[in-house]
$ cat my_file30.txt   # compact mmCIF, C-alpha atoms
# COMPACT_ATOMS: atom_id res chain seq x y z
CA MET M 1 96.99 35.10 20.02
CA ASN M 2 95.36 38.56 19.91
CA LYS M 3 95.82 38.66 16.12
CA LEU M 4 94.30 35.18 15.81
CA LEU M 5 91.32 36.16 17.97
CA ALA M 6 90.82 39.35 15.98
CA GLY M 7 90.88 37.36 12.73
CA ILE M 8 88.31 34.90 14.06
CA LEU M 9 86.04 37.74 15.13
CA VAL M 10 86.29 39.35 11.69
CA ILE M 11 85.36 36.05 10.01
CA ILE M 12 82.41 35.58 12.38
CA GLY M 13 81.27 39.12 11.68
CA LEU M 14 81.49 38.69 7.91
CA THR M 15 79.64 35.37 8.12
CA ALA M 16 76.85 36.94 10.17
CA GLN M 17 76.64 39.82 7.73
CA ALA M 18 76.37 37.43 4.79
CA GLN M 19 73.70 35.41 6.56
CA SER M 20 71.69 38.54 7.37
CA THR M 21 71.62 39.75 3.75
CA LYS M 22 68.10 39.54 2.43
CA GLU M 23 67.25 39.19 -1.24
CA ILE M 24 63.86 40.79 -1.75
CA MET M 25 61.77 40.33 -4.88
CA TYR M 26 59.01 42.58 -6.18
CA VAL M 27 56.37 41.42 -8.64
CA GLY M 28 54.09 43.67 -10.69
CA THR M 29 50.74 42.33 -11.93
CA TYR M 30 47.60 43.08 -13.87
CA SER M 31 44.52 43.75 -11.74
CA VAL M 32 42.62 40.60 -12.72
CA ARG M 33 41.78 37.23 -11.14
CA GLY M 34 42.04 38.56 -7.61
CA SER M 35 45.44 40.23 -7.90
CA GLU M 36 46.05 42.61 -5.01
CA GLY M 37 48.63 44.68 -6.89
CA ILE M 38 52.35 44.45 -6.06
CA TYR M 39 53.70 41.34 -4.34
CA VAL M 40 56.83 41.19 -2.17
CA PHE M 41 58.85 38.00 -1.59
CA GLU M 42 62.08 37.02 0.11
CA PHE M 43 64.30 34.71 -1.93
CA ASP M 44 66.08 31.88 -0.12
CA ARG M 45 69.12 31.30 -2.32
CA LYS M 46 70.17 28.08 -0.61
CA ALA M 47 66.74 26.47 -0.97
CA GLY M 48 65.93 28.22 -4.26
CA THR M 49 62.49 29.27 -2.99
CA MET M 50 60.44 32.47 -2.74
CA GLN M 51 58.55 33.23 0.48
CA PRO M 52 55.72 35.82 0.44
CA ILE M 53 56.10 38.70 2.89
CA GLN M 54 53.67 41.38 1.66
CA SER M 55 51.15 42.44 -0.95
CA ILE M 56 50.38 46.09 -1.67
CA SER M 57 46.90 47.03 -2.82
CA ASN M 58 46.82 48.71 -6.23
CA GLY M 59 43.81 48.07 -8.44
CA LYS M 60 45.16 49.93 -11.48
CA SER M 61 47.37 47.17 -12.91
CA PRO M 62 50.83 48.02 -11.50
CA SER M 63 52.36 45.89 -14.24
CA PHE M 64 55.90 47.21 -14.59
CA LEU M 65 58.26 48.23 -11.79
CA ALA M 66 61.59 50.01 -11.25
CA ILE M 67 63.81 50.33 -8.17
CA HIS M 68 65.55 53.60 -7.33
CA PRO M 69 69.39 53.31 -7.49
CA SER M 70 69.53 54.02 -3.73
CA GLY M 71 67.39 50.94 -3.10
CA LYS M 72 65.09 53.08 -0.93
CA TYR M 73 62.17 53.53 -3.32
CA LEU M 74 60.13 51.58 -5.87
CA TYR M 75 58.00 52.88 -8.74
CA SER M 76 55.13 51.22 -10.58
CA VAL M 77 53.23 52.19 -13.69
CA ASN M 78 49.47 52.15 -13.25
CA GLU M 79 48.58 50.67 -16.62
CA GLY M 80 44.87 50.57 -15.84
CA ALA M 81 44.66 54.23 -14.84
CA ASP M 82 42.53 56.81 -16.66
CA LYS M 83 43.30 58.46 -20.00
CA LEU M 84 46.15 60.46 -18.45
CA GLY M 85 47.86 57.34 -17.15
CA GLY M 86 49.63 57.08 -13.82
CA VAL M 87 52.81 56.12 -11.97
CA SER M 88 53.15 55.49 -8.23
CA ALA M 89 56.03 55.81 -5.75
CA TYR M 90 56.66 53.63 -2.68
CA THR M 91 59.24 53.66 0.09
CA ILE M 92 61.15 50.44 0.76
CA ASP M 93 61.74 49.50 4.39
CA LYS M 94 65.49 49.00 4.81
CA ALA M 95 65.17 46.09 7.23
CA THR M 96 62.32 44.11 5.71
CA GLY M 97 61.98 45.22 2.09
CA LYS M 98 58.29 46.00 2.62
CA LEU M 99 56.62 48.80 0.71
CA THR M 100 54.69 51.88 1.83
CA TYR M 101 52.78 54.00 -0.67
CA MET M 102 53.95 57.61 -1.07
CA ASN M 103 52.27 59.32 -4.01
CA ALA M 104 51.25 59.10 -7.67
CA GLN M 105 51.45 61.34 -10.71
CA SER M 106 49.90 61.51 -14.14
CA THR M 107 52.03 60.26 -17.05
CA LEU M 108 50.17 62.45 -19.57
CA GLY M 109 49.25 59.47 -21.69
CA ALA M 110 47.14 56.32 -21.64
CA GLY M 111 48.39 52.81 -20.94
CA PRO M 112 51.75 53.41 -19.22
CA CYS M 113 53.60 50.10 -19.58
CA HIS M 114 57.26 50.72 -18.63
CA VAL M 115 59.15 52.83 -16.07
CA SER M 116 62.88 53.37 -15.61
CA VAL M 117 65.02 55.56 -13.35
CA ASP M 118 68.28 57.25 -14.27
CA GLN M 119 71.44 56.45 -12.31
CA THR M 120 71.43 59.72 -10.36
CA GLY M 121 67.98 58.81 -9.04
CA LYS M 122 66.63 62.23 -9.99
CA THR M 123 64.49 61.36 -13.00
CA ALA M 124 61.90 58.71 -13.95
CA PHE M 125 60.94 57.87 -17.53
CA VAL M 126 57.52 56.38 -18.27
CA SER M 127 56.47 54.90 -21.62
CA ASN M 128 52.81 55.35 -22.52
CA TYR M 129 51.84 52.51 -24.86
CA GLY M 130 48.29 53.70 -25.46
CA GLY M 131 49.19 57.36 -25.66
CA GLY M 132 52.28 56.86 -27.80
CA SER M 133 54.37 59.18 -25.66
CA LEU M 134 57.28 59.40 -23.22
CA ALA M 135 56.79 61.18 -19.88
CA VAL M 136 59.75 62.53 -17.89
CA LEU M 137 59.18 63.05 -14.16
CA PRO M 138 61.53 64.58 -11.57
CA ILE M 139 62.08 62.51 -8.42
CA ASN M 140 62.06 64.52 -5.19
CA ALA M 141 64.71 64.16 -2.48
CA ASP M 142 62.35 61.96 -0.42
CA GLY M 143 61.80 59.62 -3.38
CA SER M 144 58.32 60.88 -4.20
CA LEU M 145 57.41 61.83 -7.76
CA ALA M 146 56.90 65.37 -9.01
CA ALA M 147 54.61 66.23 -11.91
CA PRO M 148 56.08 65.61 -15.38
CA SER M 149 58.69 68.17 -16.39
CA ASP M 150 58.89 67.01 -20.00
CA SER M 151 57.12 64.76 -22.49
CA VAL M 152 57.64 63.61 -26.06
CA GLN M 153 54.74 62.64 -28.31
CA ASP M 154 55.57 60.15 -31.06
CA ALA M 155 53.53 59.68 -34.26
CA GLY M 156 53.33 57.31 -37.19
CA THR M 157 51.89 54.06 -38.52
CA GLY M 158 53.35 50.76 -39.66
CA PRO M 159 52.54 47.93 -42.08
CA ASN M 160 50.90 45.77 -39.40
CA LYS M 161 47.46 47.42 -39.45
CA ALA M 162 46.19 45.55 -36.39
CA ARG M 163 49.09 46.56 -34.12
CA GLN M 164 50.76 49.55 -35.79
CA ASP M 165 47.77 51.83 -36.20
CA LYS M 166 49.31 54.66 -34.19
CA ALA M 167 52.39 55.32 -32.07
CA HIS M 168 52.93 52.83 -29.23
CA VAL M 169 55.90 53.76 -27.05
CA HIS M 170 56.90 50.56 -25.23
CA SER M 171 60.09 51.17 -23.23
CA ALA M 172 62.71 53.76 -22.30
CA THR M 173 66.12 52.35 -21.42
CA LEU M 174 68.99 54.39 -19.95
CA ALA M 175 72.44 53.91 -21.44
CA PRO M 176 75.17 52.59 -19.10
CA ASP M 177 76.77 56.07 -19.12
CA ASN M 178 73.41 57.67 -18.17
CA ARG M 179 73.79 60.28 -20.95
CA PHE M 180 71.17 58.89 -23.32
CA VAL M 181 67.77 57.22 -23.13
CA TYR M 182 66.65 54.81 -25.85
CA VAL M 183 62.90 54.74 -26.51
CA ALA M 184 61.36 51.85 -28.45
CA ASP M 185 58.19 52.51 -30.46
CA LEU M 186 56.36 49.36 -31.58
CA THR M 187 54.61 51.17 -34.42
CA THR M 188 57.31 53.27 -36.08
CA ASP M 189 59.90 50.44 -36.03
CA LYS M 190 62.40 52.85 -34.51
CA VAL M 191 64.48 53.20 -31.39
CA ASN M 192 64.47 56.93 -30.69
CA ILE M 193 67.57 58.32 -28.97
CA PHE M 194 67.48 61.29 -26.60
CA ASP M 195 70.11 63.27 -24.71
CA VAL M 196 69.24 63.33 -21.01
CA ASP M 197 69.59 66.42 -18.79
CA THR M 198 69.35 64.97 -15.28
CA LYS M 199 69.51 68.40 -13.63
CA SER M 200 66.36 69.68 -15.31
CA SER M 201 64.76 66.25 -15.95
CA THR M 202 64.34 67.00 -19.64
CA VAL M 203 65.30 65.30 -22.91
CA LYS M 204 66.14 66.39 -26.45
CA PRO M 205 66.80 64.39 -29.63
CA ALA M 206 70.39 63.15 -29.87
CA ALA M 207 72.62 64.12 -32.80
CA THR M 208 71.65 60.79 -34.37
CA PRO M 209 68.01 60.79 -33.26
CA TYR M 210 66.97 57.21 -34.04
CA ALA M 211 67.84 53.78 -35.43
CA SER M 212 65.41 51.86 -37.63
CA VAL M 213 64.68 48.16 -38.00
CA LYS M 214 62.75 46.22 -40.65
CA PRO M 215 59.18 47.57 -41.12
CA GLY M 216 56.60 45.56 -39.21
CA SER M 217 59.11 44.25 -36.63
CA GLY M 218 57.58 46.04 -33.63
CA PRO M 219 60.32 47.26 -31.20
CA ARG M 220 59.44 46.46 -27.61
CA HIS M 221 62.20 46.10 -24.98
CA PHE M 222 65.86 47.08 -25.27
CA THR M 223 68.96 46.10 -23.32
CA PHE M 224 72.71 46.72 -23.30
CA HIS M 225 75.70 44.43 -23.12
CA PRO M 226 77.62 45.05 -19.85
CA ASN M 227 80.48 46.60 -21.84
CA GLY M 228 78.10 49.23 -23.26
CA LYS M 229 79.35 48.64 -26.82
CA TYR M 230 76.41 46.54 -27.98
CA ALA M 231 72.63 46.64 -27.57
CA TYR M 232 69.79 44.24 -28.28
CA LEU M 233 66.16 44.86 -29.20
CA VAL M 234 63.04 42.71 -28.89
CA GLU M 235 61.08 42.79 -32.13
CA GLU M 236 57.70 41.76 -30.76
CA LEU M 237 55.65 41.32 -33.91
CA THR M 238 58.14 39.18 -35.82
CA SER M 239 59.46 37.26 -32.77
CA THR M 240 62.99 38.31 -33.64
CA VAL M 241 65.94 40.18 -32.16
CA ALA M 242 68.05 43.03 -33.54
CA VAL M 243 71.72 43.61 -32.67
CA PHE M 244 73.33 47.07 -32.60
CA SER M 245 76.75 48.48 -31.97
CA ARG M 246 76.79 51.76 -30.04
CA ASN M 247 78.95 54.86 -30.29
CA PRO M 248 79.57 55.87 -26.65
CA LYS M 249 80.38 59.47 -27.57
CA THR M 250 77.28 60.25 -29.63
CA GLY M 251 74.94 57.49 -28.43
CA ALA M 252 74.29 56.53 -32.06
CA LEU M 253 73.27 52.96 -32.88
CA THR M 254 74.47 50.99 -35.89
CA LEU M 255 72.38 47.97 -36.90
CA LEU M 256 74.60 44.87 -37.12
CA ASP M 257 71.95 42.16 -37.53
CA ASP M 258 68.17 42.34 -37.83
CA ASN M 259 65.25 39.90 -37.59
CA ILE M 260 67.26 37.09 -35.99
CA LYS M 261 64.86 34.19 -35.42
CA THR M 262 64.13 33.36 -31.77
CA LEU M 263 61.39 30.72 -32.02
CA PRO M 264 62.02 26.96 -31.79
CA ASP M 265 62.41 25.34 -35.24
CA ASP M 266 59.37 23.12 -34.72
CA PHE M 267 57.00 25.91 -33.58
CA SER M 268 54.39 27.14 -36.04
CA GLY M 269 51.75 28.77 -33.83
CA GLN M 270 50.97 32.38 -32.95
CA ASN M 271 53.61 34.20 -30.91
CA THR M 272 54.60 37.65 -29.72
CA SER M 273 57.90 38.33 -27.98
CA ALA M 274 58.27 40.19 -24.70
CA ASP M 275 61.46 40.64 -22.67
CA ILE M 276 65.24 40.51 -23.15
CA HIS M 277 68.26 40.36 -20.82
CA VAL M 278 72.01 39.75 -20.97
CA ASP M 279 73.55 37.72 -18.14
CA PRO M 280 75.97 39.49 -15.76
CA SER M 281 79.04 38.03 -17.51
CA GLY M 282 77.94 39.31 -20.93
CA LYS M 283 78.27 35.84 -22.46
CA PHE M 284 74.59 34.97 -22.98
CA LEU M 285 71.35 36.66 -24.02
CA TYR M 286 67.84 35.47 -23.08
CA PHE M 287 64.57 36.36 -24.82
CA SER M 288 60.98 35.49 -23.86
CA ASN M 289 58.35 34.25 -26.33
CA ARG M 290 54.62 34.35 -25.58
CA GLY M 291 52.85 31.60 -27.47
CA ALA M 292 55.80 29.25 -27.79
CA ASN M 293 56.18 29.84 -24.02
CA THR M 294 59.95 29.61 -24.18
CA LEU M 295 63.11 31.49 -23.40
CA ALA M 296 65.40 31.62 -26.42
CA ILE M 297 69.06 31.37 -25.38
CA PHE M 298 71.92 32.89 -27.41
CA SER M 299 75.65 33.02 -26.85
CA ILE M 300 77.25 36.43 -27.44
CA GLY M 301 80.46 36.66 -29.48
CA ASN M 302 83.30 39.09 -28.93
CA ASP M 303 81.80 41.16 -31.75
CA GLY M 304 78.44 41.34 -29.96
CA ARG M 305 76.73 39.05 -32.46
CA LEU M 306 74.44 36.19 -31.46
CA THR M 307 74.46 32.42 -31.91
CA LYS M 308 71.39 30.38 -30.89
CA VAL M 309 72.25 27.71 -28.33
CA GLY M 310 68.84 26.54 -27.17
CA ASP M 311 65.21 27.02 -26.16
CA GLN M 312 63.88 26.50 -22.65
CA SER M 313 60.22 25.85 -21.86
CA THR M 314 59.15 28.38 -19.24
CA GLU M 315 56.77 25.87 -17.59
CA GLY M 316 53.87 28.30 -17.81
CA LYS M 317 51.71 30.25 -20.26
CA THR M 318 52.45 33.72 -21.64
CA PRO M 319 55.87 34.51 -20.15
CA ARG M 320 56.24 38.27 -19.81
CA ASN M 321 59.23 39.74 -18.05
CA PHE M 322 61.90 37.58 -16.49
CA LEU M 323 64.82 38.15 -14.16
CA ILE M 324 68.39 36.88 -14.18
CA ASP M 325 69.54 37.26 -10.58
CA PRO M 326 72.55 39.58 -10.07
CA LYS M 327 74.86 36.64 -9.34
CA GLY M 328 73.77 34.85 -12.51
CA ASP M 329 72.72 31.65 -10.75
CA PHE M 330 68.93 31.73 -11.21
CA VAL M 331 66.33 32.85 -13.74
CA PHE M 332 62.78 33.74 -12.67
CA VAL M 333 59.98 33.89 -15.26
CA ALA M 334 56.68 35.75 -14.69
CA HIS M 335 53.63 34.25 -16.46
CA GLN M 336 50.59 36.38 -17.17
CA ASP M 337 48.09 33.62 -17.99
CA THR M 338 49.04 30.77 -15.63
CA ASP M 339 49.40 33.13 -12.65
CA ASN M 340 52.82 31.92 -11.59
CA ILE M 341 56.56 32.51 -11.43
CA THR M 342 58.85 29.62 -12.31
CA ILE M 343 62.44 29.30 -11.10
CA PHE M 344 65.37 27.94 -13.13
CA LYS M 345 68.98 27.16 -12.26
CA ARG M 346 71.45 28.57 -14.78
CA ASP M 347 74.64 26.93 -16.01
CA LYS M 348 77.12 29.79 -16.25
CA LYS M 349 79.35 27.92 -18.71
CA THR M 350 76.71 26.84 -21.24
CA GLY M 351 73.97 29.38 -20.52
CA LEU M 352 71.41 26.58 -20.44
CA LEU M 353 68.64 26.41 -17.85
CA THR M 354 67.23 23.66 -15.65
CA TYR M 355 63.76 23.93 -14.12
CA THR M 356 63.99 23.58 -10.34
CA GLY M 357 60.37 22.48 -9.97
CA GLN M 358 59.61 25.61 -7.98
CA SER M 359 56.50 27.52 -9.09
CA VAL M 360 55.11 30.43 -7.07
CA LYS M 361 51.48 31.52 -7.43
CA VAL M 362 50.98 35.19 -8.34
CA PRO M 363 47.87 36.36 -10.23
CA ALA M 364 48.64 37.80 -13.70
CA ALA M 365 52.36 38.16 -12.99
CA VAL M 366 54.11 40.57 -15.39
CA CYS M 367 57.34 42.05 -14.00
CA ILE M 368 59.84 40.73 -11.46
CA LEU M 369 62.78 42.58 -9.80
CA MET M 370 65.30 41.73 -7.08
CA ALA M 371 66.96 43.96 -4.48
CA THR M 372 69.53 43.01 -1.83
CA ARG M 373 68.97 44.50 1.59

$ encode --input "my_file30.txt" --output "structure tokens"
Amino acid sequence: MNKLLAGILVIIGLTAQAQSTKEIMYVGTYSVRGSEGIYVFEFDRKAGTMQPIQSISNGKSPSFLAIHPSGKYLYSVNEGADKLGGVSAYTIDKATGKLTYMNAQSTLGAGPCHVSVDQTGKTAFVSNYGGGSLAVLPINADGSLAAPSDSVQDAGTGPNKARQDKAHVHSATLAPDNRFVYVADLTTDKVNIFDVDTKSSTVKPAATPYASVKPGSGPRHFTFHPNGKYAYLVEELTSTVAVFSRNPKTGALTLLDDNIKTLPDDFSGQNTSADIHVDPSGKFLYFSNRGANTLAIFSIGNDGRLTKVGDQSTEGKTPRNFLIDPKGDFVFVAHQDTDNITIFKRDKKTGLLTYTGQSVKVPAAVCILMATR
């Protein structure tokens, strides 16, 4: 009887723990149309709804966000800051998920548009789109940001004179092994590869310092397959995707396929591509298109290569970043021009999406992240 009672108590305790788990969502925005800055929601998985719990004032377009690996801190670029750019740090309340501002630092370049944090939680990487540079900032023990300890200035032009007039660094993505950071430059049509020294928060070119794609493609965002063997690149200007294999020892990328079409067959309008993610199982890849206002859906083969399986309307205008929840059940799409986030249910077997009818109002929504508390 005592064993039975103990078992029941354990089950009750686990159930209570599961019920008390909060899934908190953070949304970065542009400072237009009344946006307050960063918005905080709680996601109700059973109902499939997002409930607002906080907004944090930031009038400098905190468009892109990153969460510290400890889950205790959040960082936002300040895309609308002055010529030296900016990035801000916030503490995350463990019980509620609410944010409190800590400090900000210069990013040494205009138009910071992307921030990432290495797995040790000691270094932040900020991509300056306007300045064409990468800034490397140490993270203090309390989660606040120190002044940049390193920076890399890119240079070059591309064939698209309107968009590739000078270097435009768009993202910096850490490898799964945390040894390398991959920096996409929209203008040079390269993914630059750097060795990362997390102790000194510095970088240096890797032995194979870059991988190139077709001129005029416009590298934007970059992501890895969960197995770390393959990587995928948004080519913004041609609305296409590139597929790479990756050498885990050297970090070198080998281009497998380039300029894979992502737009619906019947679309002929203007489009630029934005974000890219692989689902947790590594079976499907999703890719957002601004103009077509769709998510392109691909299945991923054992060799890392892609096969198009469908297009999903995002039910809004100008989809920017999107989120596949960590369990792979839902997809959330942030829309810049219709001021909303739409929620989709995901079929794990087919990869296809179904709109739930849920649309959450957020002015000029750009980036969306989830953290479990």

$ residues_near_point --input "my_file30.txt" --point "(59.2, 32.7, -25.9)" --cutoff "9 Å" --atoms "all atoms listed in the file" --output "list of chain:residue names"
M:Ser239, M:Thr262, M:Leu263, M:Pro264, M:Asn271, M:Thr272, M:Ser273, M:Ala274, M:Asp275, M:Phe287, M:Ser288, M:Asn289, M:Arg290, M:Gly291, M:Ala292, M:Asn293, M:Thr294, M:Leu295, M:Ala296, M:Asp311, M:Gln312, M:Ser313, M:Thr314, M:Thr318, M:Pro319, M:Arg320

$ residues_near_point --input "my_file30.txt" --point "(65.7, 40.0, -22.4)" --cutoff "8 Å" --atoms "all atoms listed in the file" --output "list in words"
His221, Phe222, Thr223, Val234, Ala274, Asp275, Ile276, His277, Val278, Leu285, Tyr286, Phe287, Ser288, Asn321 and Phe322 of chain M

$ write_last_selection --input "my_file30.txt" --atoms "C-alpha atoms" --output "PDB file, in the frame of the given file"
ATOM      1  CA  HIS M 221      62.200  46.100 -24.980  1.00  0.00           C
ATOM      2  CA  PHE M 222      65.860  47.080 -25.270  1.00  0.00           C
ATOM      3  CA  THR M 223      68.960  46.100 -23.320  1.00  0.00           C
ATOM      4  CA  VAL M 234      63.040  42.710 -28.890  1.00  0.00           C
ATOM      5  CA  ALA M 274      58.270  40.190 -24.700  1.00  0.00           C
ATOM      6  CA  ASP M 275      61.460  40.640 -22.670  1.00  0.00           C
ATOM      7  CA  ILE M 276      65.240  40.510 -23.150  1.00  0.00           C
ATOM      8  CA  HIS M 277      68.260  40.360 -20.820  1.00  0.00           C
ATOM      9  CA  VAL M 278      72.010  39.750 -20.970  1.00  0.00           C
ATOM     10  CA  LEU M 285      71.350  36.660 -24.020  1.00  0.00           C
ATOM     11  CA  TYR M 286      67.840  35.470 -23.080  1.00  0.00           C
ATOM     12  CA  PHE M 287      64.570  36.360 -24.820  1.00  0.00           C
ATOM     13  CA  SER M 288      60.980  35.490 -23.860  1.00  0.00           C
ATOM     14  CA  ASN M 321      59.230  39.740 -18.050  1.00  0.00           C
ATOM     15  CA  PHE M 322      61.900  37.580 -16.490  1.00  0.00           C
TER      16      PHE M 322
END

$ atom_distance --input "my_file30.txt" --atom1 "atom CA of M:Lys122" --atom2 "atom CA of M:Thr91"
15.2 Å

$ closest_residue --input "my_file30.txt" --among "M:Ala81, M:Ala334, M:Val366, M:Met25" --to "M:Gly97" --atoms "all atoms listed in the file"
M:Met25

$ atom_distance --input "my_file30.txt" --atom1 "atom CA of M:Ala124" --atom2 "atom CA of M:Asp197"
11.9 Å

$ residues_around --input "my_file30.txt" --residues "stretch 166-171 of chain M" --least-positions-apart "5" --cutoff "8 Å" --atoms "all atoms listed in the file" --output "list in words"
Cys113, His114, Val115, Val126, Ser127, Asn128, Tyr129, Gly130, Gly131, Gly132, Ser133, Leu134, Asp154, Ala155, Gly156, Thr157, Gly158, Tyr182, Val183, Ala184, Asp185, Leu186, Thr187, Thr188, Pro219, Arg220, His221 and Phe222 of chain M

$ closest_residue --input "my_file30.txt" --among "M:Gln164, M:Thr202, M:Asn227, M:Thr123" --to "M:Pro215" --atoms "all atoms listed in the file"
M:Gln164

$ closest_residue --input "my_file30.txt" --among "M:Gly282, M:Pro326, M:Pro138, M:Pro52" --to "M:Asn302" --atoms "all atoms listed in the file"
M:Gly282

$ decode --input "my_file30.txt" --residues "stretch 284-309 of chain M" --atoms "N, CA and C atoms" --output "short mmCIF file (atom, residue, chain, number, x, y, z; two decimals), in the first residue's frame"
data_model
loop_
_atom_site.label_atom_id
_atom_site.label_comp_id
_atom_site.auth_asym_id
_atom_site.auth_seq_id
_atom_site.Cartn_x
_atom_site.Cartn_y
_atom_site.Cartn_z
N PHE M 284 11.72 18.07 -42.31
CA PHE M 284 11.12 19.10 -43.15
C PHE M 284 11.82 20.44 -42.95
N LEU M 285 11.84 21.22 -44.04
CA LEU M 285 12.38 22.58 -44.00
C LEU M 285 11.29 23.55 -44.44
N TYR M 286 11.25 24.71 -43.76
CA TYR M 286 10.25 25.75 -44.03
C TYR M 286 10.98 27.05 -44.35
N PHE M 287 10.35 27.89 -45.21
CA PHE M 287 11.04 29.03 -45.80
C PHE M 287 10.00 30.10 -46.08
N SER M 288 10.20 31.33 -45.57
CA SER M 288 9.17 32.36 -45.72
C SER M 288 9.44 33.29 -46.91
N ASN M 289 8.36 33.61 -47.64
CA ASN M 289 8.43 34.47 -48.82
C ASN M 289 7.55 35.70 -48.63
N ARG M 290 8.18 36.87 -48.75
CA ARG M 290 7.49 38.15 -48.62
C ARG M 290 7.11 38.66 -50.00
N GLY M 291 5.83 38.73 -50.24
CA GLY M 291 5.33 39.09 -51.56
C GLY M 291 4.34 38.02 -51.97
N ALA M 292 4.81 36.79 -52.07
CA ALA M 292 3.91 35.65 -52.25
C ALA M 292 3.13 35.41 -50.96
N ASN M 293 3.74 35.81 -49.82
CA ASN M 293 3.13 35.65 -48.49
C ASN M 293 2.81 34.18 -48.22
N THR M 294 3.86 33.38 -48.37
CA THR M 294 3.74 31.93 -48.18
C THR M 294 4.92 31.40 -47.37
N LEU M 295 4.71 30.20 -46.83
CA LEU M 295 5.80 29.37 -46.36
C LEU M 295 5.98 28.25 -47.37
N ALA M 296 7.17 28.14 -47.95
CA ALA M 296 7.49 27.00 -48.80
C ALA M 296 7.86 25.83 -47.89
N ILE M 297 7.40 24.64 -48.23
CA ILE M 297 7.62 23.45 -47.40
C ILE M 297 8.38 22.42 -48.23
N PHE M 298 9.50 21.94 -47.69
CA PHE M 298 10.32 20.93 -48.35
C PHE M 298 10.50 19.72 -47.43
N SER M 299 10.54 18.54 -48.02
CA SER M 299 10.98 17.37 -47.27
C SER M 299 12.50 17.27 -47.43
N ILE M 300 13.16 16.72 -46.41
CA ILE M 300 14.61 16.60 -46.42
C ILE M 300 14.99 15.13 -46.55
N GLY M 301 15.78 14.80 -47.57
CA GLY M 301 16.22 13.42 -47.78
C GLY M 301 17.35 13.04 -46.85
N ASN M 302 17.69 11.77 -46.85
CA ASN M 302 18.79 11.29 -46.03
C ASN M 302 20.12 11.91 -46.42
N ASP M 303 20.19 12.40 -47.67
CA ASP M 303 21.40 13.06 -48.15
C ASP M 303 21.37 14.57 -47.93
N GLY M 304 20.35 15.05 -47.20
CA GLY M 304 20.24 16.47 -46.91
C GLY M 304 19.57 17.29 -47.99
N ARG M 305 19.31 16.69 -49.14
CA ARG M 305 18.73 17.43 -50.25
C ARG M 305 17.22 17.61 -50.08
N LEU M 306 16.68 18.58 -50.83
CA LEU M 306 15.31 19.03 -50.63
C LEU M 306 14.38 18.62 -51.76
N THR M 307 13.12 18.32 -51.37
CA THR M 307 12.05 18.08 -52.33
C THR M 307 10.85 18.93 -51.93
N LYS M 308 10.35 19.76 -52.84
CA LYS M 308 9.21 20.63 -52.53
C LYS M 308 7.95 19.78 -52.32
N VAL M 309 7.25 20.05 -51.21
CA VAL M 309 6.01 19.31 -50.94
C VAL M 309 4.79 20.22 -50.87
#
